[in-house]
Amino acid sequence: MTDDFAPTALLASAFGGVGGNVATAGLAKLRERLFPAQPDPDALELARAVRRAQLRALLTTVDAFAALPHDTQPRHLVEALRLFARTALDTPSDAAPAVEPRVRALVAGQETADLRAVSETLTLDEAAAQAPDAPGFDAFTAFFRAGDTRFPGWWPHFRTAMADEIAGNAALRIVLEQQAVLEVLGRQEDLATALAELRGAVDGLPDEIERRVARLLALRREAAIDPGTANVTLPQVVERLKTLPTGLLLARYGIVPYLDRNDTRGRLLDWARDPEKPYPRGRLYVAGGGFGKTRLAIEAIAALTPGWKASFVGNAMKGADDESLRGLLDLPEGKEGVLLVVDYAESQLGRLAELTRFAAGMSHRIRILALARSAEGWWDGFTDSEAAATIFDRAPHAEVATPLTPEERARLHADARRAFAAAFAWLDVPHPPPSDDGPAALDADRPLVVAMSAYLAALGVSAEGGDVIAAMAAQERRHWKRAVAKPGEDPDAIVHNDPRVVSMHRLMAQVTLVQGATLDGARTLMDADPYRVRLAPGSSEETLAAAQRLYGFALPLVGPDGPTTQDGLRQIEPDLIGEQLCVMNKMMTQLAEGVEPTWKELVAATLVTAEQDLFFGDVGALLTVLSRAQAPIHGKKARDSASQIVKALETTLPLLNAEEIRRIDAQIPEQNIHLARLSVHVNARVLETAVDEADLARAAGNYAVSLAEVGDMHAALEHARRAVNNFDKLAATEPILYHGDLATSLTICANCLIQVGETNAALKHTRRAIDILETLAAAEPDRFLAGLATTLSNFVGCLCTFGDGPSSLAPARRAVEIYERLIAAEPSRFLPDLATGLNNYAIALGFAGEVRAALEPARRAVDIREKLATDDPARFLPHLARAYGSLGTVLAAAGNHVAGAEAFAKGLAAVRGPAEQLPEAFGELQRGLAGHYLRAAIGGGIQATDIRASLTALGIDPSTLSVDEDPTHASLW
């Protein structure tokens with residue numbers, strides 16, 4: 001061990017204090033950063049820091065030298081050196097010595113020298129130039145280098161000064177940390193060995209450095225079981241990032257500085273380590289794409305490693321038998337606990353359920369961390385199982401979904417841009433000098449989009465129209481050109497629609513739709529694509545080879561015969577880029593326009609095979625990708641394209657058999673506006689394939705619900721009546737089996753009746769449903785109490801529409817009371833229902849003349865639905881719009897017209913997207929809210945010009961509205 005100034009010594013100085021033992025390491029890379037062929041802003045900043053540390057060490061050495069007894073006092077030399085050092089320190093220069101030709105020559109002549117030798121020579125050369133004729137310089141040189149018994153020489157003082165420089169400069173810390181870690185680890189073939197060497201090289205390796213190294217070691221989802229056995233070397237990681245630099249955005253590499261808001265990581269670690277709960281526990285974190293769920297889990301794993309067995313699960317469970325699954329949960333000797341992370345839990349329910357089942361039978365410290373974009377539609381059913389109810393927190397944790405503040409956004413953007421610039425430097429990715437420009441038009445609320453903006457800024461690329469995700473998708477396509485280019489071919493000369501690029505795009509869109517595939521699965525997708533023959537005959541293997549260079553990986557598997565691996569392709573990541581590329585795609589546009597009539601067979605083949613072992617996702621994953629691609633964050637073009645793709649999927653349904661159709665039906669998210677029309681077609685096919693009278697009746701009821709969701713109320717009513725008639729007959733002979741189904745069908749039918757204006761019939765059906773459910777709930781409250789509350793809440797709408805507001809109060813109040821009781825035990829399941837009950841209770845109070853009392857339930861309904869719409873906008877935006885409408889109605893009735901107008905405006909903003917996508921379903925709601933807004937705004941004295949401007953901004957033509965028009969309340973239910 002020596003204390004030569006290697007990169008690890010610099011790290012030890014910066015993070016672990018001065019004087020730590022370090023191993024000698026090569027300095028070629030660090031010298032390249034200090035002495036680049038072309039001036040580099042990061043290198044200049046590093047050179048300036050080294051320069052200041054040299055001057056401070058020189059000044060300290062001069063003072064110590066002056067205090068020595070001398071035969072002849074070297075006064076002239078001491079004064080000259082002090083003047084030089086102080087003047088240079090007080091006058092920072094942009095022309096740092098690192099870029100001077102003589103310094104380059106000095107370094108070129110000392111290829112084997114370390115930084116200490118280079119710095120020493122440079123400093124003494126500069127010192128000699130200040131007083132060339134002054135006596136005593138030889139004695140000063142010897143003292144400078146070696147010191148004496150009281151003074152250890154200049155080097156320790158330089159290290160102290162350098163530590164101060166780095167400690168006060170965040171940009172330097174990022175540059176040096178990444179560079180030094182790569183320098184030390186780059187010599188190792190095995191990352192576990194590399195981490196062990198780094199721990200041995202630096203006494204008391206700082207936690208932050210160890211966490212960053214651990215990310216490279218253990219935090220790849222695809223190497224999930226035992227990170228120590230993963231066959232991945234650092235050079236392979238670096239080479240992959242050089243080939244596909246957009247991978248720098250992935251959470252597993254930790255390039256972007258982690259922004260820990262509200263100590264979320266600390267609270268998660270406290271939960272994991274809780275000494276009072278040394279037994280299996282689990283929890284679910286929910287947040288939209290790009291908010292940082294995966295990064296939070298990575299930070300937790302890094303903090304727990306190496307004391308815990310901690311990793312992602314992902315696709316490593318594919319093909320695993322029971323013994324292997326138990327092995328994932330076993331606690332190795334010497335480990336404190338086991339942490340397993342299941343990302344995309346909503347599409348990995350089988351794996352999550354198996355892990356939970358085995359964990360429930362164990363007694364040691366296990367933590368299962370599930371990550372999902374939303375808990376709606378699956379979480380309550382999952383936690384109904386005995387194992388899940390025993391292990392998991394019932395309420396999902398949503399603190400990750402907190403939107404960024406403007407201050408957090410600006411800080412993250414600046415830090416991320418510096419980090420990307422440093423990463424581009426060591427990956428040799430061309431990039432311009434950084435500027436001080438901030439994220440001008442960026443209003444992103446999630447860290448990933450801010451990081452994408454910073455990535456583009458570091459490259460000098462502007463996001464046209466502020467469309468950051470589309471600009472990142474374009475960067476991904478640029479790397480495809482490099483991957484498919486022939487030797488000697490200029491990738492930049494390859495045109496956008498080159499068959500090789502289009503072929504790559506088609507394959508990777510398919511792979512992303514099925515969330516990853518084995519190589520055989522990728523070949524199956526390509527073979528099923530008849531258009532490929534016309535694009536590039538015989539190019540499949542070339543396309544696959546190019547895709548492997550960018551997205552290939554060896555998937556660790558655990559099967560009956562022990563550990564093995566399987567080559568495959570991962571989906572395009574981050575998800576937001578993958579979703580964009582799946583829909584903003586020439587092949588997809590042609591599909592939508594009907595240019596390629598055989599594409600429907602390709603989609604059908606994908607749907608049919610999605611459950612097989614060739615693919616890592618399932619039908620639900622495919623539908624989820626298409627639904628998410630229609631989210632507002634992707635912009636109108638992507639939304640329109642995705643909508644056309646979903647419409648094309650509808651044409652494939654006649655090609656599928658009954659089992660395949662029912663599998664799709666089970667995977668379509670409930671009340672998802674993006675997939676609502678597809679749901680109609682699927683339910684129509686389910687109805688066609690019904691196997692008996694009960695199946696037919698349920699299918700008719702489900703078909704009615706799906707028709708109502710797209711606004712086809714008359715057709716919905718027809719099938720709802722059919723369901724009622726069928727269940728009436730079945731319940732007459734077997735009431736125990738079918739009375740519950742009859743009550744459900746009556747409620748569905750009543751909802752359709754009220755929407756077509758048949759209020760009396762709706763009241764009759766609802767009263768009958770309530771009578772049935774009262775009896776059933778008294779006998780089996782766990783099964784039927786929630787259904788009774790829903791029917792009571794619907795009854796409120798019937799009564800208010802009928803004009804009997806006072807009679808609606810009792811059922812409205814009772815519905816809320818039931819939901820309050822239910823939600824205490826199962827909050828995520830009944831939260832949407834409670835919001836509906838509160839909304840209807842507020843309207844009932846308003847109709848009954850108790851306007852002020854209506855404010856509290858109306859505001860609670862808005863608060864709940866705002867949260868729900870944040871987690872799952874595709875389902876809850878229309879409900880949020882209705883809640884705003886109810887609140888606005890109550891506020892305006894209470895005389896606060898301005899606040900009422902503000903609420904109506906928020907409702908219009910919420911319903912705008914749904915109304916554009918499904919005008920038949922939400923056009924009346926949008927028009928009703930606009931009418932309410934107009935009345936409230938006029939009542940509040942808002943200027944006509946401001947009213948017109950607000951309506952226009954919200955997508956409403958003011959000329960189509962009339963203050964005399966009486967907007968209906970029915971649209972708010």
# chains A, B, ... in the order shown; residues from 1 in each chain; ligands from 1
>>> select_by_dssp(residues="range 291-527 of chain A", states="strand (DSSP E)", output="PyMOL selection string")
chain A and resi 309-312+338-342+366-372+517-518
>>> residues_around(residues="Glu650 in chain A", least_positions_apart="2", cutoff="12 Å", atoms="only C-alpha atoms", output="count of residues only")
30
>>> residues_around(residues="Ala395 in chain A", least_positions_apart="5", cutoff="10 Å", atoms="only C-alpha atoms", output="list in words")
Arg283, Leu284, Tyr285, Ala375, Trp379, Asp380, Thr383, Ala825, Glu826, Pro827, Ser828 and Arg829 of chain A
>>> write_last_selection(atoms="all heavy atoms", output="short mmCIF file (atom, residue, chain, number, x, y, z; two decimals), in the first residue's frame")
data_model
loop_
_atom_site.label_atom_id
_atom_site.label_comp_id
_atom_site.auth_asym_id
_atom_site.auth_seq_id
_atom_site.Cartn_x
_atom_site.Cartn_y
_atom_site.Cartn_z
N ARG A 283 -44.93 -4.68 1.18
CA ARG A 283 -45.69 -3.46 0.93
C ARG A 283 -45.65 -3.12 -0.57
O ARG A 283 -44.79 -3.60 -1.30
CB ARG A 283 -45.16 -2.28 1.74
CG ARG A 283 -43.72 -1.91 1.52
CD ARG A 283 -43.32 -0.59 2.20
NE ARG A 283 -43.80 -0.44 3.56
CZ ARG A 283 -43.48 0.59 4.35
NH1 ARG A 283 -42.66 1.54 3.90
NH2 ARG A 283 -43.95 0.68 5.58
N LEU A 284 -46.62 -2.32 -0.98
CA LEU A 284 -46.75 -1.90 -2.38
C LEU A 284 -46.51 -0.40 -2.47
O LEU A 284 -47.11 0.38 -1.72
CB LEU A 284 -48.15 -2.23 -2.91
CG LEU A 284 -48.53 -1.61 -4.27
CD1 LEU A 284 -47.70 -2.23 -5.39
CD2 LEU A 284 -50.03 -1.80 -4.54
N TYR A 285 -45.64 0.00 -3.41
CA TYR A 285 -45.46 1.41 -3.73
C TYR A 285 -46.08 1.67 -5.10
O TYR A 285 -45.79 0.95 -6.06
CB TYR A 285 -43.98 1.79 -3.76
CG TYR A 285 -43.40 2.04 -2.39
CD1 TYR A 285 -42.87 1.00 -1.63
CD2 TYR A 285 -43.39 3.32 -1.84
CE1 TYR A 285 -42.34 1.22 -0.37
CE2 TYR A 285 -42.86 3.56 -0.58
CZ TYR A 285 -42.35 2.51 0.15
OH TYR A 285 -41.83 2.75 1.40
N ALA A 375 -52.75 0.73 -8.03
CA ALA A 375 -53.28 -0.42 -7.30
C ALA A 375 -54.67 -0.80 -7.78
O ALA A 375 -55.21 -1.84 -7.38
CB ALA A 375 -53.35 -0.10 -5.80
N TRP A 379 -55.04 -4.95 -6.84
CA TRP A 379 -54.44 -5.04 -5.52
C TRP A 379 -55.40 -5.62 -4.48
O TRP A 379 -55.00 -6.48 -3.68
CB TRP A 379 -53.95 -3.66 -5.08
CG TRP A 379 -53.34 -3.62 -3.71
CD1 TRP A 379 -53.79 -2.97 -2.61
CD2 TRP A 379 -52.13 -4.28 -3.30
NE1 TRP A 379 -52.97 -3.17 -1.54
CE2 TRP A 379 -51.92 -3.98 -1.93
CE3 TRP A 379 -51.22 -5.11 -3.94
CZ2 TRP A 379 -50.85 -4.47 -1.21
CZ3 TRP A 379 -50.13 -5.60 -3.22
CH2 TRP A 379 -49.96 -5.27 -1.87
N ASP A 380 -56.63 -5.18 -4.49
CA ASP A 380 -57.57 -5.68 -3.49
C ASP A 380 -57.80 -7.17 -3.67
O ASP A 380 -57.89 -7.92 -2.69
CB ASP A 380 -58.90 -4.92 -3.59
CG ASP A 380 -58.76 -3.50 -3.11
OD1 ASP A 380 -58.09 -3.28 -2.09
OD2 ASP A 380 -59.30 -2.60 -3.76
N THR A 383 -54.71 -8.98 -2.29
CA THR A 383 -54.60 -8.98 -0.82
C THR A 383 -55.75 -9.72 -0.15
O THR A 383 -55.79 -9.81 1.08
CB THR A 383 -54.49 -7.55 -0.27
OG1 THR A 383 -55.55 -6.74 -0.82
CG2 THR A 383 -53.16 -6.93 -0.63
N ALA A 825 -61.15 -1.35 6.80
CA ALA A 825 -60.49 -2.65 6.65
C ALA A 825 -59.77 -2.78 5.33
O ALA A 825 -58.70 -3.40 5.25
CB ALA A 825 -61.52 -3.76 6.80
N GLU A 826 -60.32 -2.20 4.26
CA GLU A 826 -59.74 -2.35 2.92
C GLU A 826 -59.76 -1.00 2.20
O GLU A 826 -60.61 -0.75 1.35
CB GLU A 826 -60.52 -3.38 2.12
CG GLU A 826 -60.53 -4.78 2.75
CD GLU A 826 -61.29 -5.78 1.89
OE1 GLU A 826 -60.79 -6.10 0.81
OE2 GLU A 826 -62.38 -6.20 2.31
N PRO A 827 -58.81 -0.12 2.52
CA PRO A 827 -58.87 1.24 1.99
C PRO A 827 -58.76 1.34 0.47
O PRO A 827 -59.49 2.10 -0.15
CB PRO A 827 -57.69 1.94 2.68
CG PRO A 827 -56.83 0.84 3.19
CD PRO A 827 -57.72 -0.31 3.47
N SER A 828 -57.84 0.58 -0.12
CA SER A 828 -57.65 0.75 -1.57
C SER A 828 -58.85 0.23 -2.36
O SER A 828 -59.19 0.76 -3.40
CB SER A 828 -56.37 0.04 -2.02
OG SER A 828 -56.45 -1.34 -1.78
N ARG A 829 -59.51 -0.82 -1.84
CA ARG A 829 -60.63 -1.39 -2.58
C ARG A 829 -61.82 -0.44 -2.64
O ARG A 829 -62.45 -0.29 -3.68
CB ARG A 829 -61.06 -2.72 -1.94
CG ARG A 829 -62.39 -3.24 -2.47
CD ARG A 829 -62.74 -4.61 -1.96
NE ARG A 829 -61.84 -5.61 -2.52
CZ ARG A 829 -62.00 -6.92 -2.35
NH1 ARG A 829 -62.98 -7.39 -1.62
NH2 ARG A 829 -61.17 -7.77 -2.90
#
>>> residues_around(residues="Phe847 in chain A", least_positions_apart="2", cutoff="10 Å", atoms="only C-alpha atoms", output="PyMOL selection string")
chain A and resi 799-801+803-809+841-845+849-851+854+890
>>> write_last_selection(atoms="N, CA, C and O atoms", output="compact mmCIF listing (two decimals), in the first residue's frame")
# COMPACT_ATOMS: atom_id res chain seq x y z
N LEU A 799 -83.41 9.37 -7.24
CA LEU A 799 -84.33 10.23 -6.50
C LEU A 799 -84.11 11.70 -6.83
O LEU A 799 -85.07 12.47 -7.01
N CYS A 800 -82.85 12.13 -6.91
CA CYS A 800 -82.57 13.54 -7.23
C CYS A 800 -83.02 13.88 -8.64
O CYS A 800 -83.57 14.95 -8.90
N THR A 801 -82.76 12.97 -9.57
CA THR A 801 -83.20 13.20 -10.94
C THR A 801 -84.73 13.26 -11.00
O THR A 801 -85.32 14.03 -11.78
N GLY A 803 -86.49 14.43 -8.73
CA GLY A 803 -86.90 15.67 -8.07
C GLY A 803 -87.21 15.51 -6.59
O GLY A 803 -87.69 16.45 -5.95
N ASP A 804 -86.92 14.35 -6.02
CA ASP A 804 -87.22 14.09 -4.61
C ASP A 804 -85.92 14.16 -3.81
O ASP A 804 -85.44 13.16 -3.27
N GLY A 805 -85.34 15.36 -3.70
CA GLY A 805 -84.09 15.54 -2.99
C GLY A 805 -84.13 15.14 -1.54
O GLY A 805 -83.25 14.41 -1.06
N PRO A 806 -85.15 15.56 -0.76
CA PRO A 806 -85.18 15.20 0.67
C PRO A 806 -85.15 13.70 0.91
O PRO A 806 -84.50 13.23 1.85
N SER A 807 -85.84 12.91 0.05
CA SER A 807 -85.86 11.46 0.26
C SER A 807 -84.51 10.81 -0.05
O SER A 807 -84.27 9.66 0.34
N SER A 808 -83.65 11.54 -0.75
CA SER A 808 -82.37 10.96 -1.12
C SER A 808 -81.35 11.03 0.01
O SER A 808 -80.31 10.34 -0.05
N LEU A 809 -81.60 11.82 1.03
CA LEU A 809 -80.59 12.03 2.07
C LEU A 809 -80.30 10.75 2.86
O LEU A 809 -79.14 10.42 3.12
N TYR A 841 -73.77 12.16 -2.04
CA TYR A 841 -74.30 12.71 -0.79
C TYR A 841 -74.29 14.24 -0.85
O TYR A 841 -75.25 14.90 -0.43
N ALA A 842 -73.22 14.81 -1.41
CA ALA A 842 -73.15 16.27 -1.54
C ALA A 842 -74.27 16.79 -2.44
O ALA A 842 -74.93 17.80 -2.13
N ILE A 843 -74.51 16.09 -3.54
CA ILE A 843 -75.59 16.52 -4.44
C ILE A 843 -76.94 16.38 -3.75
O ILE A 843 -77.82 17.25 -3.88
N ALA A 844 -77.12 15.29 -3.01
CA ALA A 844 -78.39 15.09 -2.29
C ALA A 844 -78.63 16.22 -1.29
O ALA A 844 -79.74 16.75 -1.18
N LEU A 845 -77.58 16.59 -0.56
CA LEU A 845 -77.72 17.70 0.39
C LEU A 845 -78.07 18.99 -0.34
O LEU A 845 -78.88 19.79 0.14
N GLY A 849 -81.59 21.37 -0.10
CA GLY A 849 -81.46 22.74 0.40
C GLY A 849 -80.41 22.92 1.47
O GLY A 849 -80.24 24.02 2.01
N GLU A 850 -79.66 21.88 1.82
CA GLU A 850 -78.62 21.98 2.85
C GLU A 850 -77.27 22.23 2.18
O GLU A 850 -76.35 21.40 2.21
N VAL A 851 -77.16 23.40 1.57
CA VAL A 851 -76.02 23.69 0.71
C VAL A 851 -74.71 23.72 1.48
O VAL A 851 -73.71 23.12 1.07
N ALA A 854 -73.29 20.52 2.37
CA ALA A 854 -72.81 19.75 1.22
C ALA A 854 -71.34 20.01 0.90
O ALA A 854 -70.70 19.22 0.19
N VAL A 890 -72.21 23.15 -5.59
CA VAL A 890 -72.45 23.48 -4.19
C VAL A 890 -71.92 24.88 -3.87
O VAL A 890 -72.58 25.68 -3.20
>>> atom_distance(atom1="CA of Ala131 in chain A", atom2="CA of Arg150 in chain A")
26.0 Å
>>> residues_around(residues="Leu550 in chain A", least_positions_apart="3", cutoff="8 Å", atoms="only C-alpha atoms", output="JSON, numbers by chain")
{"A": [240, 243, 244, 483, 546, 547]}
>>> write_last_selection(atoms="all heavy atoms", output="tab-separated table (two decimals), in the first residue's frame")
chain	number	residue	atom	x	y	z
A	240	ARG	N	-21.84	-1.57	-23.40
A	240	ARG	CA	-23.27	-1.48	-23.68
A	240	ARG	C	-23.72	-0.02	-23.65
A	240	ARG	O	-24.48	0.43	-24.51
A	240	ARG	CB	-24.06	-2.30	-22.66
A	240	ARG	CG	-25.57	-2.12	-22.71
A	240	ARG	CD	-26.17	-2.59	-24.03
A	240	ARG	NE	-25.88	-3.97	-24.31
A	240	ARG	CZ	-26.58	-4.99	-23.83
A	240	ARG	NH1	-27.59	-4.79	-23.03
A	240	ARG	NH2	-26.26	-6.23	-24.14
A	243	THR	N	-22.65	1.81	-26.70
A	243	THR	CA	-23.46	1.44	-27.86
A	243	THR	C	-24.85	2.06	-27.79
A	243	THR	O	-25.41	2.46	-28.80
A	243	THR	CB	-23.60	-0.10	-27.93
A	243	THR	OG1	-22.31	-0.68	-27.91
A	243	THR	CG2	-24.32	-0.52	-29.20
A	244	LEU	N	-25.41	2.15	-26.57
A	244	LEU	CA	-26.76	2.68	-26.38
A	244	LEU	C	-26.73	3.65	-25.20
A	244	LEU	O	-27.15	3.32	-24.09
A	244	LEU	CB	-27.75	1.54	-26.12
A	244	LEU	CG	-29.23	1.91	-26.19
A	244	LEU	CD1	-29.64	2.29	-27.61
A	244	LEU	CD2	-30.09	0.73	-25.71
A	483	ALA	N	-26.24	0.62	-35.03
A	483	ALA	CA	-26.23	-0.83	-34.84
A	483	ALA	C	-26.38	-1.59	-36.15
A	483	ALA	O	-25.84	-2.69	-36.30
A	483	ALA	CB	-27.34	-1.24	-33.87
A	546	ALA	N	-28.32	-7.21	-34.60
A	546	ALA	CA	-28.21	-5.79	-34.24
A	546	ALA	C	-28.99	-5.50	-32.95
A	546	ALA	O	-28.52	-4.75	-32.08
A	546	ALA	CB	-28.74	-4.93	-35.38
A	547	ALA	N	-30.17	-6.10	-32.82
A	547	ALA	CA	-30.96	-5.89	-31.60
A	547	ALA	C	-30.25	-6.45	-30.38
A	547	ALA	O	-30.30	-5.87	-29.29
A	547	ALA	CB	-32.34	-6.54	-31.77
>>> residues_around(residues="Arg409 in chain A", least_positions_apart="5", cutoff="8 Å", atoms="only C-alpha atoms", output="list in words")
Leu404, Ala444, Asp445, Pro447 and Val450 of chain A
